[in-house]
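Visitor: You'll find protein_4.csv just under this line, and it carries CSV, C-alpha atoms.
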chain,number,residue,atom,x,y,z
Q,81,MET,CA,59.1,122.1,133.6
Q,82,THR,CA,58.7,121.1,130.0
Q,83,THR,CA,55.9,122.9,128.2
Q,84,MET,CA,55.3,120.1,125.8
Q,85,THR,CA,52.4,117.7,126.0
Q,86,ALA,CA,53.1,114.0,125.6
Q,87,GLU,CA,51.7,114.1,122.1
Q,88,GLN,CA,53.9,117.1,121.2
Q,89,ALA,CA,57.0,115.4,122.7
Q,90,LEU,CA,56.3,112.2,120.7
Q,91,SER,CA,55.8,114.2,117.5
Q,92,GLU,CA,59.1,115.9,118.1
Q,93,LEU,CA,60.9,112.6,118.6
Q,94,LEU,CA,59.4,111.1,115.5
Q,95,SER,CA,60.3,114.3,113.5
Q,96,GLY,CA,63.8,114.1,114.9
Q,97,ASN,CA,64.0,110.5,113.7
Q,98,LEU,CA,63.1,111.6,110.2
Q,99,ARG,CA,65.8,114.3,110.4
Q,100,PHE,CA,68.3,111.6,111.5
Q,101,ILE,CA,67.3,109.3,108.7
Q,102,GLY,CA,67.7,112.1,106.2
Q,103,GLY,CA,70.9,113.5,107.7
Q,104,GLN,CA,69.3,116.8,108.2
Q,105,TYR,CA,70.1,117.5,111.9
Q,106,ALA,CA,68.6,120.3,113.9
Q,107,ASP,CA,71.0,123.1,114.8
Q,108,GLY,CA,71.7,124.7,118.1
Q,109,ARG,CA,71.0,121.9,120.6
Q,110,ARG,CA,74.5,120.5,120.9
Q,111,ASN,CA,76.8,123.4,121.4
Q,112,ALA,CA,78.4,125.5,124.1
Q,113,ALA,CA,75.4,127.9,124.4
Q,114,ARG,CA,73.0,125.0,124.9
Q,115,ARG,CA,75.4,123.5,127.5
Q,116,VAL,CA,75.4,126.7,129.5
Q,117,GLU,CA,71.6,127.0,129.1
Q,118,VAL,CA,70.9,123.5,130.5
Q,119,ALA,CA,73.5,123.8,133.3
Q,120,ALA,CA,70.9,125.8,135.2
Q,121,GLY,CA,68.5,122.9,135.2
Q,122,GLN,CA,67.0,120.2,133.0
Q,123,HIS,CA,63.6,120.1,131.4
Q,124,PRO,CA,63.5,117.0,129.2
Q,125,CYS,CA,60.5,116.3,127.1
Q,126,ALA,CA,60.7,112.5,127.3
Q,127,VAL,CA,62.2,109.6,129.2
Q,128,VAL,CA,63.6,107.0,126.8
Q,129,LEU,CA,64.2,103.6,128.3
Q,130,GLY,CA,66.5,102.0,125.8
Q,131,CYS,CA,69.0,99.2,125.3
Q,132,SER,CA,72.6,99.7,126.1
Q,133,ASP,CA,73.6,98.8,122.5
Q,134,SER,CA,76.1,101.3,121.3
Q,135,ARG,CA,74.3,101.5,117.9
Q,136,VAL,CA,71.1,102.9,119.4
Q,137,PRO,CA,71.9,106.2,121.2
Q,138,PRO,CA,68.5,107.9,121.7
Q,139,GLU,CA,69.8,111.4,121.5
Q,140,VAL,CA,71.2,110.7,118.0
Q,141,VAL,CA,68.3,108.4,116.8
Q,142,PHE,CA,65.8,111.1,117.7
Q,143,ASP,CA,68.1,114.0,116.8
Q,144,GLN,CA,67.8,115.7,120.2
Q,145,GLY,CA,70.3,117.9,122.0
Q,146,LEU,CA,71.6,118.5,125.5
Q,147,GLY,CA,68.8,118.4,128.1
Q,148,ASP,CA,66.1,117.2,125.7
Q,149,LEU,CA,65.9,113.5,126.8
Q,150,PHE,CA,66.2,111.7,130.1
Q,151,VAL,CA,67.7,108.5,129.0
Q,152,VAL,CA,67.8,105.2,131.0
Q,153,ARG,CA,69.7,102.4,129.2
Q,154,GLN,CA,69.9,98.8,130.2
Q,155,ALA,CA,70.8,95.7,128.2
Q,156,GLY,CA,67.6,94.6,126.5
Q,157,HIS,CA,65.8,97.7,127.9
Q,158,THR,CA,65.1,95.7,131.1
Q,159,VAL,CA,63.5,97.3,134.1
Q,160,GLY,CA,64.9,96.7,137.5
Q,161,GLY,CA,64.6,98.7,140.7
Q,162,LEU,CA,67.3,101.3,139.8
Q,163,ALA,CA,66.0,101.8,136.3
Q,164,MET,CA,62.4,102.2,137.6
Q,165,GLY,CA,63.6,104.6,140.2
Q,166,SER,CA,65.3,106.7,137.6
Q,167,ILE,CA,62.2,106.8,135.4
Q,168,ILE,CA,59.9,107.7,138.3
Q,169,TYR,CA,62.3,110.5,139.3
Q,170,ALA,CA,62.1,112.0,135.8
Q,171,VAL,CA,58.3,111.8,135.9
Q,172,GLU,CA,57.7,113.1,139.4
Q,173,HIS,CA,60.5,115.7,139.8
Q,174,LEU,CA,61.1,116.8,136.2
Q,175,HIS,CA,57.5,116.5,135.1
Q,176,VAL,CA,58.3,114.6,132.0
Q,177,PRO,CA,55.0,113.8,130.1
Q,178,LEU,CA,56.2,110.9,127.9
Q,179,ILE,CA,58.0,107.6,128.4
Q,180,VAL,CA,59.2,105.8,125.3
Q,181,VAL,CA,60.4,102.2,125.6
Q,182,LEU,CA,62.9,101.9,122.7
Q,183,GLY,CA,63.7,98.4,121.6
Q,184,HIS,CA,65.7,97.6,118.4
Q,185,SER,CA,66.2,95.0,115.8
Q,186,LYS,CA,68.9,92.4,116.3
Q,187,CYS,CA,69.1,92.9,120.0
Q,188,GLY,CA,72.0,90.8,121.3
Q,189,ALA,CA,70.6,90.4,124.8
Q,190,ILE,CA,67.3,89.1,123.5
Q,191,ALA,CA,69.1,86.9,121.0
Q,192,ALA,CA,71.1,85.4,123.9
Q,193,ALA,CA,67.9,84.7,125.8
Q,194,ALA,CA,66.3,83.1,122.7
Q,195,GLU,CA,69.3,80.9,122.1
Q,196,GLY,CA,69.3,79.7,125.7
Q,197,HIS,CA,72.8,80.8,126.6
Q,198,ASN,CA,73.8,79.5,130.0
Q,199,VAL,CA,75.4,82.5,131.6
Q,200,THR,CA,76.4,83.3,135.2
Q,201,GLY,CA,76.7,86.3,137.4
Q,202,SER,CA,75.0,89.6,136.7
Q,203,HIS,CA,74.5,88.8,133.0
Q,204,ARG,CA,72.2,86.0,134.1
Q,205,LYS,CA,69.8,88.5,135.6
Q,206,VAL,CA,69.4,90.2,132.2
Q,207,ILE,CA,68.7,86.8,130.4
Q,208,GLU,CA,66.2,85.8,133.1
Q,209,ALA,CA,64.4,89.1,132.7
Q,210,LEU,CA,64.1,88.6,128.9
Q,211,LYS,CA,63.2,84.9,129.0
Q,212,PRO,CA,59.4,85.4,129.5
Q,213,SER,CA,59.2,87.7,126.4
Q,214,VAL,CA,61.1,85.1,124.3
Q,215,ASP,CA,58.8,82.3,125.6
Q,216,GLN,CA,55.7,84.4,124.7
Q,217,ALA,CA,57.2,85.2,121.3
Q,218,ARG,CA,57.7,81.6,120.4
Q,219,ALA,CA,53.9,81.3,120.0
Q,220,HIS,CA,53.9,84.0,117.3
Q,221,GLY,CA,55.9,82.0,114.8
Q,222,GLY,CA,58.0,83.6,112.2
Q,223,ASP,CA,61.2,85.4,113.1
Q,224,LEU,CA,61.7,84.6,116.8
Q,225,LEU,CA,64.2,87.4,117.5
Q,226,ASP,CA,62.0,90.1,115.9
Q,227,ALA,CA,58.9,88.8,117.6
Q,228,ALA,CA,60.7,88.7,120.9
Q,229,VAL,CA,61.9,92.3,120.6
Q,230,ARG,CA,58.3,93.4,119.9
Q,231,VAL,CA,56.9,91.3,122.7
Q,232,HIS,CA,59.5,92.6,125.2
Q,233,ILE,CA,58.7,96.2,124.2
Q,234,GLN,CA,55.0,95.5,124.9
Q,235,ARG,CA,55.7,93.7,128.1
Q,236,THR,CA,57.9,96.6,129.3
Q,237,VAL,CA,55.2,99.1,128.5
Q,238,ALA,CA,52.7,97.0,130.4
Q,239,LEU,CA,55.1,96.8,133.4
Q,240,LEU,CA,55.5,100.6,133.5
Q,241,LYS,CA,51.7,101.1,133.2
Q,242,ALA,CA,51.2,98.7,136.1
Q,243,ASP,CA,53.5,100.6,138.4
Q,244,ALA,CA,51.9,102.2,141.5
Q,245,VAL,CA,53.3,105.6,140.6
Q,246,LEU,CA,53.3,105.6,136.8
Q,247,GLY,CA,50.0,103.8,136.3
Q,248,PRO,CA,47.7,106.3,137.9
Q,249,LEU,CA,49.4,109.2,136.1
Q,250,GLU,CA,49.1,107.4,132.8
Q,251,LYS,CA,45.4,106.5,133.4
Q,252,GLY,CA,44.7,110.1,134.5
Q,253,GLY,CA,46.2,111.5,131.2
Q,254,MET,CA,49.2,113.2,132.8
Q,255,LEU,CA,51.6,110.7,131.3
Q,256,LYS,CA,51.9,108.8,128.1
Q,257,ILE,CA,53.8,105.5,128.0
Q,258,THR,CA,54.5,104.0,124.5
Q,259,GLY,CA,56.7,101.5,122.8
Q,260,ALA,CA,58.9,101.9,119.8
Q,261,ARG,CA,61.3,99.8,117.7
Q,262,TYR,CA,64.5,101.1,116.0
Q,263,ASP,CA,65.7,99.3,112.9
Q,264,LEU,CA,69.5,99.1,112.9
Q,265,GLU,CA,69.7,98.9,109.1
Q,266,THR,CA,67.3,101.7,108.1
Q,267,GLY,CA,67.4,103.9,111.1
Q,268,VAL,CA,63.6,104.1,111.2
Q,269,VAL,CA,61.8,104.2,114.5
Q,270,THR,CA,58.2,102.8,114.4
Q,271,LEU,CA,55.7,102.7,117.2
Q,272,VAL,CA,54.8,99.4,118.7
Q,273,PRO,CA,51.2,99.1,119.8
Do you think you could lay out the structure here as structure tokens?
Guide:
Amino acid sequence: MTTMTAEQALSELLSGNLRFIGGQYADGRRNAARRVEVAAGQHPCAVVLGCSDSRVPPEVVFDQGLGDLFVVRQAGHTVGGLAMGSIIYAVEHLHVPLIVVLGHSKCGAIAAAAEGHNVTGSHRKVIEALKPSVDQARAHGGDLLDAAVRVHIQRTVALLKADAVLGPLEKGGMLKITGARYDLETGVVTLVP
């Protein structure tokens, strides 16, 4: 079981992001010794629900090593039954105190939903999941894509907080659920209220 509180875990992730931005990576978390250490069991400090985008690997963006994060990635950081089940597993069985919903600038899935692409098959499910966030963002004015990314982060956080398992843990102070946005150009992660 992780010994970090949610606030300590969040502080570590944000400090890791500063290391990533500055190119000053922590030593000793991505080597053979660490691999052997975590083979016995995992004790991640956070769940990161992020986008599948290849430019946003949470372990790199937050400068974390093997066993530090429980990562769930879906296009547009959408949450369906399997993703939710994975998140709940990490919270209930691995006692992870923090969930971070990590969106990012220039998200292709959200852009496709904003542009109204007519897609079929499984990709259509992703677009349909993102459409309400895009529609809500249209009312904000300004850069639709950036507004939609932020709205979708907020909506995803709200969805997790409304879950029958996660919600009571969050309300009881045993779990923190927060949103964050990664900027592809600067590498900076900022919290999204």
Visitor: Given the choices Q:Lys241, Q:His220, Q:Arg135, Q:Lys256, which gets closest to Gly188 of chain Q if the distance is worked out from all atoms listed in the file?
Guide: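 Of the candidates, the smallest distance to Gly188 of chain Q is held by Q:Arg135.
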Visitor: Which is closer to Leu178 of chain Q than all the others in Q:Thr83, Q:Ser134, Q:Thr258, Q:Asn97, using all atoms listed in the file?
Guide: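 Under the stated criterion, the closest residue is Q:Thr258.
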Visitor: I'd like the contact shell of Ser166 of chain Q - 12 Å cut-off, all atoms listed in the file, skipping same-chain residues fewer than 2 positions apart - returned as a list of chain:residue names.
Guide: Q:Val127, Q:Val128, Q:Leu129, Q:Phe150, Q:Val151, Q:Val152, Q:Arg153, Q:Gln154, Q:Val159, Q:Gly160, Q:Gly161, Q:Leu162, Q:Ala163, Q:Met164, Q:Ile168, Q:Tyr169, Q:Ala170, Q:Val171, Q:Glu172, Q:His173, Q:Leu174, Q:Val176, Q:Ile179
Visitor: Can I get the selection written as a compact mmCIF listing (two decimals), keeping the file's coordinate frame, with C-alpha atoms?
Guide:
# COMPACT_ATOMS: atom_id res chain seq x y z
CA VAL Q 127 62.20 109.60 129.20
CA VAL Q 128 63.60 107.00 126.80
CA LEU Q 129 64.20 103.60 128.30
CA PHE Q 150 66.20 111.70 130.10
CA VAL Q 151 67.70 108.50 129.00
CA VAL Q 152 67.80 105.20 131.00
CA ARG Q 153 69.70 102.40 129.20
CA GLN Q 154 69.90 98.80 130.20
CA VAL Q 159 63.50 97.30 134.10
CA GLY Q 160 64.90 96.70 137.50
CA GLY Q 161 64.60 98.70 140.70
CA LEU Q 162 67.30 101.30 139.80
CA ALA Q 163 66.00 101.80 136.30
CA MET Q 164 62.40 102.20 137.60
CA ILE Q 168 59.90 107.70 138.30
CA TYR Q 169 62.30 110.50 139.30
CA ALA Q 170 62.10 112.00 135.80
CA VAL Q 171 58.30 111.80 135.90
CA GLU Q 172 57.70 113.10 139.40
CA HIS Q 173 60.50 115.70 139.80
CA LEU Q 174 61.10 116.80 136.20
CA VAL Q 176 58.30 114.60 132.00
CA ILE Q 179 58.00 107.60 128.40
Visitor: Given the choices Q:Leu182, Q:Pro177, Q:Asp148, Q:Val268, which gets closest to Leu249 of chain Q if the distance is worked out from only C-alpha atoms?
Guide: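 Nearest candidate to Leu249 of chain Q out of Q:Leu182, Q:Pro177, Q:Asp148, Q:Val268: Q:Pro177.
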Visitor: So the first atom is atom CA of Leu90 of chain Q and the second is atom CA of Ala113 of chain Q; what is the distance between them in Å, to one decimal place?
Guide: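 Spanning atom CA of Leu90 of chain Q to atom CA of Ala113 of chain Q is a straight-line distance of 25.0 Å.
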Visitor: Would you mind reading off the distance between atom CA of Gly145 of chain Q and atom CA of His184 of chain Q, one decimal, in Å?
Guide: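 For atom CA of Gly145 of chain Q relative to atom CA of His184 of chain Q, the distance reads 21.1 Å.
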Visitor: To one decimal place, how far is atom CA of Thr158 of chain Q from atom CA of His123 of chain Q in Å?
Guide: 24.4 Å
Visitor: For segment 230-237 of chain Q, list every protein, DNA or RNA residue within 8 Å, evaluated using all atoms listed in the file, and leave out those in the same chain fewer than 2 positions away; present the list as a PyMOL selection string.
Guide: chain Q and resi 158-159+181-183+210+213-214+216-217+226-228+239-241+257-261+272-273
Visitor: Please identify all polymer residues lying at most 10 Å from the point (63.9, 122.5, 136.2) (file coordinates), using all atoms listed in the file, and present the result as a list in words.
Guide: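 Applying the cut-off with all atoms listed in the file, one gets Met81, Thr82, Val118, Ala120, Gly121, Gln122, His123, Pro124, His173, Leu174 and His175 of chain Q.
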Visitor: Show which residues sit within 10 Å of Leu146 of chain Q, as a list in words. Count only C-alpha atoms, and ignore same-chain residues fewer than 6 positions away.
Guide: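 Everything that qualifies: Gly108, Arg109, Arg110, Asn111, Ala112, Arg114, Arg115, Val116, Glu117, Val118, Ala119, Gln122, Pro124 and Glu139 of chain Q.
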Visitor: Nearest to Val229 of chain Q: which of Q:Ala242, Q:Ala189, Q:Val140, Q:Val180 is it, counting only C-alpha atoms?
Guide: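 The shortest atom-to-atom distance to Val229 of chain Q comes from Q:Ala189.
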Visitor: With all atoms listed in the file as the basis for distance, which of Q:Val141, Q:Ala106, Q:Asp133, Q:Lys251 is at the shortest distance from Leu93 of chain Q?
Guide: Q:Val141
Visitor: Would you mind telling me which residue in Q:Ala238, Q:Leu264, Q:Met84, Q:Val269 lies nearest to Glu250 of chain Q when using only C-alpha atoms?
Guide: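 Under the stated criterion, the closest residue is Q:Ala238.
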